[in-house]
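Novice: I'm passing along start-v9.cif; it holds mmCIF, C-alpha atoms; chains and numbers go by the auth columns.
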data_run
#
loop_
_atom_site.group_PDB
_atom_site.id
_atom_site.type_symbol
_atom_site.label_atom_id
_atom_site.label_comp_id
_atom_site.label_asym_id
_atom_site.label_seq_id
_atom_site.Cartn_x
_atom_site.Cartn_y
_atom_site.Cartn_z
_atom_site.B_iso_or_equiv
_atom_site.auth_seq_id
_atom_site.auth_asym_id
ATOM 1 C CA MET A 1 11.283 27.777 -14.165 0.00 246 C
ATOM 2 C CA LYS A 2 11.802 24.638 -12.118 0.00 247 C
ATOM 3 C CA ARG A 3 10.146 21.606 -13.558 0.00 248 C
ATOM 4 C CA SER A 4 7.591 19.956 -11.287 0.00 249 C
ATOM 5 C CA ASN A 5 8.415 16.502 -9.973 0.00 250 C
ATOM 6 C CA GLU A 6 4.718 15.901 -9.311 0.00 251 C
ATOM 7 C CA PRO A 7 4.131 13.589 -12.332 0.00 252 C
ATOM 8 C CA PHE A 8 6.972 11.311 -11.213 0.00 253 C
ATOM 9 C CA PHE A 9 5.601 10.842 -7.698 0.00 254 C
ATOM 10 C CA TRP A 10 2.073 10.587 -9.019 0.00 255 C
ATOM 11 C CA ALA A 11 3.153 7.698 -11.280 0.00 256 C
ATOM 12 C CA LEU A 12 4.661 5.860 -8.294 0.00 257 C
ATOM 13 C CA PHE A 13 1.518 6.572 -6.263 0.00 258 C
ATOM 14 C CA SER A 14 -0.680 5.292 -9.037 0.00 259 C
ATOM 15 C CA GLY A 15 1.352 2.154 -9.746 0.00 260 C
ATOM 16 C CA GLY A 16 1.521 1.352 -6.056 0.00 261 C
ATOM 17 C CA GLY A 17 -2.190 1.924 -5.620 0.00 262 C
ATOM 18 C CA MET A 18 -3.024 -0.492 -8.425 0.00 263 C
ATOM 19 C CA LEU A 19 -0.593 -3.203 -7.342 0.00 264 C
ATOM 20 C CA ALA A 20 -1.708 -2.898 -3.705 0.00 265 C
ATOM 21 C CA ALA A 21 -5.374 -3.057 -4.714 0.00 266 C
ATOM 22 C CA LEU A 22 -4.816 -6.219 -6.764 0.00 267 C
ATOM 23 C CA VAL A 23 -2.606 -8.328 -4.479 0.00 268 C
ATOM 24 C CA LEU A 24 -2.476 -7.037 -0.899 0.00 269 C
ATOM 25 C CA PRO A 25 -5.908 -8.165 0.373 0.00 270 C
ATOM 26 C CA ALA A 26 -5.257 -11.779 -0.668 0.00 271 C
ATOM 27 C CA LEU A 27 -1.724 -11.664 0.707 0.00 272 C
ATOM 28 C CA ALA A 28 -2.863 -10.205 4.030 0.00 273 C
ATOM 29 C CA PHE A 29 -5.724 -12.665 4.344 0.00 274 C
ATOM 30 C CA VAL A 30 -3.582 -15.762 3.745 0.00 275 C
ATOM 31 C CA LEU A 31 -0.401 -14.714 5.586 0.00 276 C
ATOM 32 C CA TRP A 32 -1.752 -12.765 8.529 0.00 277 C
ATOM 33 C CA ILE A 33 -5.249 -14.126 9.173 0.00 278 C
ATOM 34 C CA ALA A 34 -5.930 -17.539 7.624 0.00 279 C
ATOM 35 C CA ALA A 35 -2.521 -19.082 8.344 0.00 280 C
ATOM 36 C CA PRO A 36 -2.206 -17.813 11.964 0.00 281 C
ATOM 37 C CA LEU A 37 -5.736 -19.038 12.696 0.00 282 C
ATOM 38 C CA GLY A 38 -4.955 -22.424 11.175 0.00 283 C
ATOM 39 C CA TRP A 39 -7.537 -22.147 8.371 0.00 284 C
ATOM 40 C CA VAL A 40 -4.820 -22.933 5.833 0.00 285 C
ATOM 41 C CA GLU A 41 -1.410 -24.472 6.217 0.00 286 C
ATOM 42 C CA LEU A 42 1.545 -22.626 4.746 0.00 287 C
ATOM 43 C CA PRO A 43 4.293 -24.694 3.126 0.00 288 C
ATOM 44 C CA PRO A 44 7.269 -25.449 5.398 0.00 289 C
ATOM 45 C CA PRO A 45 9.702 -22.526 5.948 0.00 290 C
ATOM 46 C CA ALA A 46 12.345 -24.069 3.686 0.00 291 C
ATOM 47 C CA ALA A 47 9.903 -24.226 0.771 0.00 292 C
ATOM 48 C CA LEU A 48 8.731 -20.644 1.375 0.00 293 C
ATOM 49 C CA ALA A 49 12.332 -19.468 1.636 0.00 294 C
ATOM 50 C CA ALA A 50 13.105 -21.149 -1.678 0.00 295 C
ATOM 51 C CA LEU A 51 10.049 -19.492 -3.217 0.00 296 C
ATOM 52 C CA VAL A 52 11.008 -15.947 -2.194 0.00 297 C
ATOM 53 C CA ALA A 53 14.696 -16.501 -2.982 0.00 298 C
ATOM 54 C CA HIS A 54 13.869 -16.940 -6.660 0.00 299 C
ATOM 55 C CA PRO A 55 15.101 -13.842 -8.516 0.00 300 C
ATOM 56 C CA LEU A 56 11.690 -13.192 -10.075 0.00 301 C
ATOM 57 C CA ALA A 57 9.991 -13.451 -6.683 0.00 302 C
ATOM 58 C CA ARG A 58 12.511 -11.074 -5.147 0.00 303 C
ATOM 59 C CA LEU A 59 11.921 -8.625 -7.963 0.00 304 C
ATOM 60 C CA ALA A 60 8.150 -8.929 -7.538 0.00 305 C
ATOM 61 C CA VAL A 61 8.346 -8.390 -3.770 0.00 306 C
ATOM 62 C CA PHE A 62 10.662 -5.423 -4.265 0.00 307 C
ATOM 63 C CA ALA A 63 8.324 -3.839 -6.800 0.00 308 C
ATOM 64 C CA LEU A 64 5.299 -4.431 -4.584 0.00 309 C
ATOM 65 C CA VAL A 65 6.999 -3.068 -1.470 0.00 310 C
ATOM 66 C CA THR A 66 8.607 -0.016 -3.081 0.00 311 C
ATOM 67 C CA LEU A 67 5.520 1.039 -5.002 0.00 312 C
ATOM 68 C CA SER A 68 3.301 0.477 -1.957 0.00 313 C
ATOM 69 C CA LEU A 69 5.592 2.650 0.150 0.00 314 C
ATOM 70 C CA PHE A 70 5.609 5.466 -2.391 0.00 315 C
ATOM 71 C CA HIS A 71 1.849 5.116 -2.711 0.00 316 C
ATOM 72 C CA TRP A 72 1.700 5.758 1.027 0.00 317 C
ATOM 73 C CA GLY A 73 4.198 8.608 0.856 0.00 318 C
ATOM 74 C CA HIS A 74 2.240 10.501 -1.763 0.00 319 C
ATOM 75 C CA ARG A 75 -1.225 9.901 -0.389 0.00 320 C
ATOM 76 C CA PHE A 76 -0.307 10.472 3.236 0.00 321 C
ATOM 77 C CA ARG A 77 1.473 13.684 2.318 0.00 322 C
ATOM 78 C CA TYR A 78 -1.715 15.174 0.946 0.00 323 C
ATOM 79 C CA THR A 79 -3.762 13.760 3.827 0.00 324 C
ATOM 80 C CA LEU A 80 -1.560 15.741 6.208 0.00 325 C
ATOM 81 C CA TYR A 81 -1.819 18.883 4.080 0.00 326 C
ATOM 82 C CA ASP A 82 -5.598 18.755 3.682 0.00 327 C
ATOM 83 C CA GLY A 83 -6.835 16.672 6.585 0.00 328 C
ATOM 84 C CA LEU A 84 -4.726 18.171 9.322 0.00 329 C
ATOM 85 C CA GLN A 85 -4.320 21.599 7.665 0.00 330 C
ATOM 86 C CA LEU A 86 -0.552 21.370 7.642 0.00 331 C
ATOM 87 C CA SER A 87 0.125 22.871 4.233 0.00 332 C
ATOM 88 C CA HIS A 88 2.463 25.428 5.813 0.00 333 C
ATOM 89 C CA LEU A 89 4.869 22.533 6.511 0.00 334 C
ATOM 90 C CA TYR A 90 4.964 21.746 2.801 0.00 335 C
ATOM 91 C CA GLY A 91 8.662 20.983 2.375 0.00 336 C
ATOM 92 C CA LEU A 92 9.135 19.171 5.663 0.00 337 C
ATOM 93 C CA ILE A 93 6.194 16.818 5.113 0.00 338 C
ATOM 94 C CA ALA A 94 7.219 16.022 1.550 0.00 339 C
ATOM 95 C CA THR A 95 10.741 15.231 2.725 0.00 340 C
ATOM 96 C CA ILE A 96 9.533 12.968 5.537 0.00 341 C
ATOM 97 C CA CYS A 97 7.011 11.103 3.349 0.00 342 C
ATOM 98 C CA TYR A 98 9.157 10.549 0.251 0.00 343 C
ATOM 99 C CA GLY A 99 12.361 10.226 2.274 0.00 344 C
ATOM 100 C CA GLY A 100 10.733 7.649 4.533 0.00 345 C
ATOM 101 C CA ALA A 101 9.444 5.686 1.560 0.00 346 C
ATOM 102 C CA ALA A 102 12.896 5.791 -0.067 0.00 347 C
ATOM 103 C CA ALA A 103 14.733 4.741 3.109 0.00 348 C
ATOM 104 C CA LEU A 104 12.367 1.840 3.775 0.00 349 C
ATOM 105 C CA SER A 105 12.593 0.744 0.135 0.00 350 C
ATOM 106 C CA LEU A 106 16.350 0.690 0.478 0.00 351 C
ATOM 107 C CA ALA A 107 16.052 -1.459 3.618 0.00 352 C
ATOM 108 C CA ALA A 108 13.749 -3.830 1.718 0.00 353 C
ATOM 109 C CA ALA A 109 16.300 -4.030 -1.099 0.00 354 C
ATOM 110 C CA VAL A 110 19.038 -4.992 1.375 0.00 355 C
ATOM 111 C CA VAL A 111 16.842 -7.696 2.953 0.00 356 C
ATOM 112 C CA LEU A 112 15.958 -9.133 -0.449 0.00 357 C
ATOM 113 C CA TRP A 113 19.527 -8.899 -1.738 0.00 358 C
ATOM 114 C CA ARG A 114 20.901 -10.879 1.192 0.00 359 C
ATOM 115 C CA LEU A 115 18.406 -13.728 0.847 0.00 360 C
ATOM 116 C CA GLY A 116 19.482 -17.286 0.227 0.00 361 C
ATOM 117 C CA MET B 1 11.637 49.102 1.554 0.00 140 D
ATOM 118 C CA SER B 2 10.696 51.360 4.434 0.00 141 D
ATOM 119 C CA ALA B 3 10.325 49.900 7.895 0.00 142 D
ATOM 120 C CA GLY B 4 6.594 50.488 8.030 0.00 143 D
ATOM 121 C CA TYR B 5 5.818 48.755 4.743 0.00 144 D
ATOM 122 C CA LYS B 6 4.047 45.445 4.938 0.00 145 D
ATOM 123 C CA LEU B 7 4.043 42.978 2.084 0.00 146 D
ATOM 124 C CA TYR B 8 0.705 41.900 0.677 0.00 147 D
ATOM 125 C CA HIS B 9 -0.121 38.902 2.795 0.00 148 D
ATOM 126 C CA PRO B 10 -3.151 36.894 1.646 0.00 149 D
ATOM 127 C CA LYS B 11 -2.815 34.426 4.530 0.00 150 D
ATOM 128 C CA TRP B 12 -4.195 37.005 6.945 0.00 151 D
ATOM 129 C CA HIS B 13 -7.509 36.958 5.143 0.00 152 D
ATOM 130 C CA ARG B 14 -7.848 33.211 5.080 0.00 153 D
ATOM 131 C CA ARG B 15 -10.346 31.659 7.444 0.00 154 D
ATOM 132 C CA ARG B 16 -8.863 28.828 9.467 0.00 155 D
ATOM 133 C CA MET B 17 -10.595 25.499 9.127 0.00 156 D
ATOM 134 C CA PRO B 18 -10.984 23.322 12.197 0.00 157 D
ATOM 135 C CA ILE B 19 -8.621 20.352 12.165 0.00 158 D
ATOM 136 C CA PHE B 20 -11.460 17.850 12.234 0.00 159 D
ATOM 137 C CA TRP B 21 -13.447 19.487 9.431 0.00 160 D
ATOM 138 C CA TRP B 22 -13.834 16.058 7.804 0.00 161 D
ATOM 139 C CA LEU B 23 -15.852 14.514 10.653 0.00 162 D
ATOM 140 C CA GLY B 24 -19.002 16.531 9.998 0.00 163 D
ATOM 141 C CA LYS B 25 -20.136 14.881 6.805 0.00 164 D
ATOM 142 C CA LEU B 26 -20.096 11.230 5.781 0.00 165 D
ATOM 143 C CA ALA B 27 -18.610 11.945 2.346 0.00 166 D
ATOM 144 C CA TYR B 28 -15.700 13.862 3.901 0.00 167 D
ATOM 145 C CA THR B 29 -15.083 11.146 6.480 0.00 168 D
ATOM 146 C CA ARG B 30 -15.106 8.532 3.725 0.00 169 D
ATOM 147 C CA PHE B 31 -12.603 10.592 1.782 0.00 170 D
ATOM 148 C CA ILE B 32 -10.193 10.840 4.709 0.00 171 D
ATOM 149 C CA ALA B 33 -10.697 7.156 5.546 0.00 172 D
ATOM 150 C CA ARG B 34 -9.816 6.309 1.947 0.00 173 D
ATOM 151 C CA GLU B 35 -6.692 8.420 2.128 0.00 174 D
ATOM 152 C CA LEU B 36 -5.711 6.794 5.429 0.00 175 D
ATOM 153 C CA THR B 37 -5.842 3.303 3.890 0.00 176 D
ATOM 154 C CA SER B 38 -2.399 4.251 2.581 0.00 177 D
ATOM 155 C CA LEU B 39 -1.134 3.623 6.127 0.00 178 D
ATOM 156 C CA GLY B 40 -2.434 0.057 5.853 0.00 179 D
ATOM 157 C CA VAL B 41 -0.765 -0.359 2.463 0.00 180 D
ATOM 158 C CA ALA B 42 2.590 0.764 3.872 0.00 181 D
ATOM 159 C CA TYR B 43 2.190 -1.411 6.973 0.00 182 D
ATOM 160 C CA ALA B 44 1.415 -4.482 4.857 0.00 183 D
ATOM 161 C CA ALA B 45 4.472 -3.825 2.688 0.00 184 D
ATOM 162 C CA LEU B 46 6.691 -3.554 5.763 0.00 185 D
ATOM 163 C CA LEU B 47 5.252 -6.647 7.440 0.00 186 D
ATOM 164 C CA LEU B 48 5.900 -8.566 4.231 0.00 187 D
ATOM 165 C CA VAL B 49 9.540 -7.474 4.319 0.00 188 D
ATOM 166 C CA VAL B 50 9.811 -8.472 7.987 0.00 189 D
ATOM 167 C CA GLN B 51 8.432 -11.903 7.147 0.00 190 D
ATOM 168 C CA VAL B 52 10.860 -12.330 4.255 0.00 191 D
ATOM 169 C CA TRP B 53 13.678 -11.181 6.524 0.00 192 D
ATOM 170 C CA ALA B 54 12.685 -13.769 9.162 0.00 193 D
ATOM 171 C CA LEU B 55 12.578 -16.467 6.485 0.00 194 D
ATOM 172 C CA GLY B 56 16.103 -15.522 5.468 0.00 195 D
ATOM 173 C CA ARG B 57 17.315 -15.619 9.078 0.00 196 D
ATOM 174 C CA GLY B 58 16.340 -19.245 9.479 0.00 197 D
ATOM 175 C CA GLU B 59 13.635 -21.430 10.931 0.00 198 D
ATOM 176 C CA GLU B 60 13.986 -20.182 14.489 0.00 199 D
ATOM 177 C CA ALA B 61 13.428 -16.518 13.649 0.00 200 D
ATOM 178 C CA TYR B 62 10.602 -17.465 11.288 0.00 201 D
ATOM 179 C CA GLY B 63 8.972 -19.633 13.960 0.00 202 D
ATOM 180 C CA ARG B 64 9.083 -16.803 16.480 0.00 203 D
ATOM 181 C CA LEU B 65 7.444 -14.431 14.028 0.00 204 D
ATOM 182 C CA GLN B 66 4.732 -16.967 13.174 0.00 205 D
ATOM 183 C CA GLU B 67 4.028 -17.354 16.880 0.00 206 D
ATOM 184 C CA ALA B 68 3.711 -13.582 17.310 0.00 207 D
ATOM 185 C CA LEU B 69 1.423 -13.391 14.276 0.00 208 D
ATOM 186 C CA ALA B 70 -0.888 -15.993 15.819 0.00 209 D
ATOM 187 C CA SER B 71 -1.464 -13.969 19.015 0.00 210 D
ATOM 188 C CA VAL B 72 -4.945 -12.542 19.533 0.00 211 D
ATOM 189 C CA PRO B 73 -3.915 -8.842 19.323 0.00 212 D
ATOM 190 C CA ALA B 74 -1.998 -9.498 16.101 0.00 213 D
ATOM 191 C CA VAL B 75 -4.954 -11.249 14.472 0.00 214 D
ATOM 192 C CA LEU B 76 -7.293 -8.433 15.569 0.00 215 D
ATOM 193 C CA VAL B 77 -4.988 -5.746 14.184 0.00 216 D
ATOM 194 C CA HIS B 78 -4.606 -7.680 10.935 0.00 217 D
ATOM 195 C CA THR B 79 -8.367 -8.069 10.605 0.00 218 D
ATOM 196 C CA LEU B 80 -8.588 -4.262 10.741 0.00 219 D
ATOM 197 C CA LEU B 81 -5.733 -4.159 8.255 0.00 220 D
ATOM 198 C CA LEU B 82 -7.635 -6.436 5.879 0.00 221 D
ATOM 199 C CA ALA B 83 -10.697 -4.175 6.164 0.00 222 D
ATOM 200 C CA ALA B 84 -8.551 -1.140 5.278 0.00 223 D
ATOM 201 C CA LEU B 85 -6.927 -2.983 2.358 0.00 224 D
ATOM 202 C CA LEU B 86 -10.316 -4.071 1.018 0.00 225 D
ATOM 203 C CA PHE B 87 -11.587 -0.479 1.305 0.00 226 D
ATOM 204 C CA HIS B 88 -8.526 0.612 -0.645 0.00 227 D
ATOM 205 C CA SER B 89 -9.145 -2.013 -3.343 0.00 228 D
ATOM 206 C CA PHE B 90 -12.838 -1.186 -3.780 0.00 229 D
ATOM 207 C CA THR B 91 -12.323 2.578 -3.855 0.00 230 D
ATOM 208 C CA TRP B 92 -9.260 2.312 -6.100 0.00 231 D
ATOM 209 C CA LEU B 93 -10.743 -0.080 -8.648 0.00 232 D
ATOM 210 C CA SER B 94 -14.084 1.714 -8.782 0.00 233 D
ATOM 211 C CA LEU B 95 -12.266 4.840 -9.978 0.00 234 D
ATOM 212 C CA ALA B 96 -10.631 2.942 -12.830 0.00 235 D
ATOM 213 C CA PRO B 97 -13.254 3.847 -15.483 0.00 236 D
ATOM 214 C CA ARG B 98 -12.618 7.520 -14.803 0.00 237 D
ATOM 215 C CA ALA B 99 -8.840 7.161 -14.923 0.00 238 D
ATOM 216 C CA LEU B 100 -8.778 4.904 -17.966 0.00 239 D
ATOM 217 C CA VAL B 101 -10.724 5.806 -21.074 0.00 240 D
ATOM 218 C CA VAL B 102 -10.469 3.025 -23.638 0.00 241 D
ATOM 219 C CA ARG B 103 -11.415 3.831 -27.197 0.00 242 D
ATOM 220 C CA LEU B 104 -12.092 1.326 -29.921 0.00 243 D
ATOM 221 C CA GLY B 105 -12.063 3.299 -33.131 0.00 244 D
ATOM 222 C CA ARG B 106 -14.489 6.127 -32.503 0.00 245 D
ATOM 223 C CA ARG B 107 -16.428 4.393 -29.753 0.00 246 D
ATOM 224 C CA ARG B 108 -15.592 4.619 -26.107 0.00 247 D
ATOM 225 C CA LEU B 109 -15.613 1.380 -24.178 0.00 248 D
ATOM 226 C CA PRO B 110 -18.457 1.567 -21.614 0.00 249 D
ATOM 227 C CA ASP B 111 -17.448 2.275 -18.015 0.00 250 D
ATOM 228 C CA ALA B 112 -19.099 -0.916 -16.809 0.00 251 D
ATOM 229 C CA LEU B 113 -16.799 -2.976 -19.039 0.00 252 D
ATOM 230 C CA VAL B 114 -13.642 -1.199 -17.823 0.00 253 D
ATOM 231 C CA LEU B 115 -14.836 -1.699 -14.253 0.00 254 D
ATOM 232 C CA ALA B 116 -15.593 -5.394 -14.810 0.00 255 D
ATOM 233 C CA ALA B 117 -12.150 -5.923 -16.358 0.00 256 D
ATOM 234 C CA HIS B 118 -10.489 -4.437 -13.276 0.00 257 D
ATOM 235 C CA TYR B 119 -12.519 -6.565 -10.885 0.00 258 D
ATOM 236 C CA LEU B 120 -11.717 -9.662 -12.943 0.00 259 D
ATOM 237 C CA ALA B 121 -8.038 -8.750 -12.752 0.00 260 D
ATOM 238 C CA TRP B 122 -8.415 -8.442 -8.960 0.00 261 D
ATOM 239 C CA ILE B 123 -9.969 -11.917 -8.735 0.00 262 D
ATOM 240 C CA ALA B 124 -7.276 -13.409 -10.979 0.00 263 D
ATOM 241 C CA ALA B 125 -4.440 -11.732 -9.046 0.00 264 D
ATOM 242 C CA SER B 126 -5.895 -12.870 -5.718 0.00 265 D
ATOM 243 C CA ALA B 127 -6.217 -16.439 -6.951 0.00 266 D
ATOM 244 C CA ALA B 128 -2.621 -16.334 -8.190 0.00 267 D
ATOM 245 C CA VAL B 129 -1.388 -15.048 -4.815 0.00 268 D
ATOM 246 C CA VAL B 130 -3.240 -17.753 -2.878 0.00 269 D
ATOM 247 C CA TRP B 131 -2.037 -20.462 -5.245 0.00 270 D
ATOM 248 C CA LEU B 132 1.587 -19.266 -5.119 0.00 271 D
ATOM 249 C CA LEU B 133 1.635 -19.062 -1.328 0.00 272 D
ATOM 250 C CA LEU B 134 -0.035 -22.382 -0.657 0.00 273 D
ATOM 251 C CA SER B 135 1.586 -24.494 -3.353 0.00 274 D
ATOM 252 C CA ALA B 136 5.216 -23.440 -2.861 0.00 275 D
ATOM 253 C CA GLY B 137 7.491 -26.441 -2.940 0.00 276 D
ATOM 254 C CA GLY B 138 4.830 -28.603 -4.564 0.00 277 D
ATOM 255 C CA GLY B 139 3.444 -30.286 -1.505 0.00 278 D
ATOM 256 C CA GLY B 140 1.574 -27.489 0.269 0.00 279 D
ATOM 257 C CA ALA B 141 -1.924 -27.631 1.696 0.00 280 D
ATOM 258 C CA ALA B 142 -4.582 -28.893 -0.657 0.00 281 D
#
Here is the file; what I need is its structure written in the form of structure tokens.
Specialist:
Amino acid sequence: MKRSNEPFFWALFSGGGMLAALVLPALAFVLWIAAPLGWVELPPPAALAALVAHPLARLAVFALVTLSLFHWGHRFRYTLYDGLQLSHLYGLIATICYGGAAALSLAAAVVLWRLG
Amino acid sequence: MSAGYKLYHPKWHRRRMPIFWWLGKLAYTRFIARELTSLGVAYAALLLVVQVWALGRGEEAYGRLQEALASVPAVLVHTLLLAALLFHSFTWLSLAPRALVVRLGRRRLPDALVLAAHYLAWIAASAAVVWLLLSAGGGGAA
């Protein structure tokens, strides 16, 4: 019998869900609402670039991005199955969701690798 | 197998649900809305990567992105994004006591305590994010 890969993807979904719940609202508020509206002033680009170029920061961003993407992949997959009644496209949807998350994670890794 | 034989086919006896079955009842709509917050989570992750990428490209690329982010449509979309992310956080963290059963000896830690710990962690993580972003390089905004 083939072993299920469900626990593996569920772990990624769960880790991503927790990390996203803890840090994304604050990140989104500061970077994409408060700073553009001028409520807060972000440090100059050079200082921000130095901050994200730090190996620990890169690792943290990579973990956040990858887990968030797999969180999406897993949750969205089941939303399509149940919400839109597409369970007959089982394999295709799983491939698109997890494949998309994997491809975008790889792109994120390249961006982070090339920094600084 | 003879030509006339048909395999047992349970699908034929299944009633088809309408595609928008989840709009009829508030609890169902909430459930689908919660599941759809995952789109916001993925979008936020990607936008973060784009911003890091622009930072790496240099001040000009970064400046252009900052300008785009300050446009009215962008701020409106990101306000919706924040609402979705907050909905994700509240629904996710409020399920924590059911996902995590903490036992001390023979006693089970009360749900309220597990819940409070998760919300405290949320506050601490948010404060850390704000501090990190605004104090980078030492001389950020006060």
Novice: Which polymer residues have any atom within 12 Å of an atom of Gly345 of chain C, counting only C-alpha atoms, with same-chain residues fewer than 2 positions away left out, as an MDAnalysis selection string?
Specialist: (chainID C and resid 311 314:319 321:322 337:343 347:352) or (chainID D and resid 181 185)
Novice: Only residues of chain C matter here; which ones have an atom within 7 Å of chain D, counting only C-alpha atoms? Give them as a ChimeraX atom specification.
Specialist: /C:265-275,277-278,281-282,285-288,290,292-294,296,310,313-314,316-317,320-321,324,328-330,353,356,360-361
Novice: Quick one: pull the distance between atom CA of Gly163 of chain D and atom CA of Tyr335 of chain C, Å, one decimal.
Specialist: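 Computing it gives 25.6 Å between the two atoms.
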Novice: Expressed in Å to a single decimal, how great is the separation between atom CA of Ser259 of chain C and atom CA of Leu301 of chain C?
Specialist: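 Computing it gives 22.3 Å between the two atoms.
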Novice: In Å, rounded to a single decimal, give me how far atom CA of Val355 of chain C is from atom CA of Leu312 of chain C.
Specialist: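 Here the two named atoms are 16.1 Å from each other.
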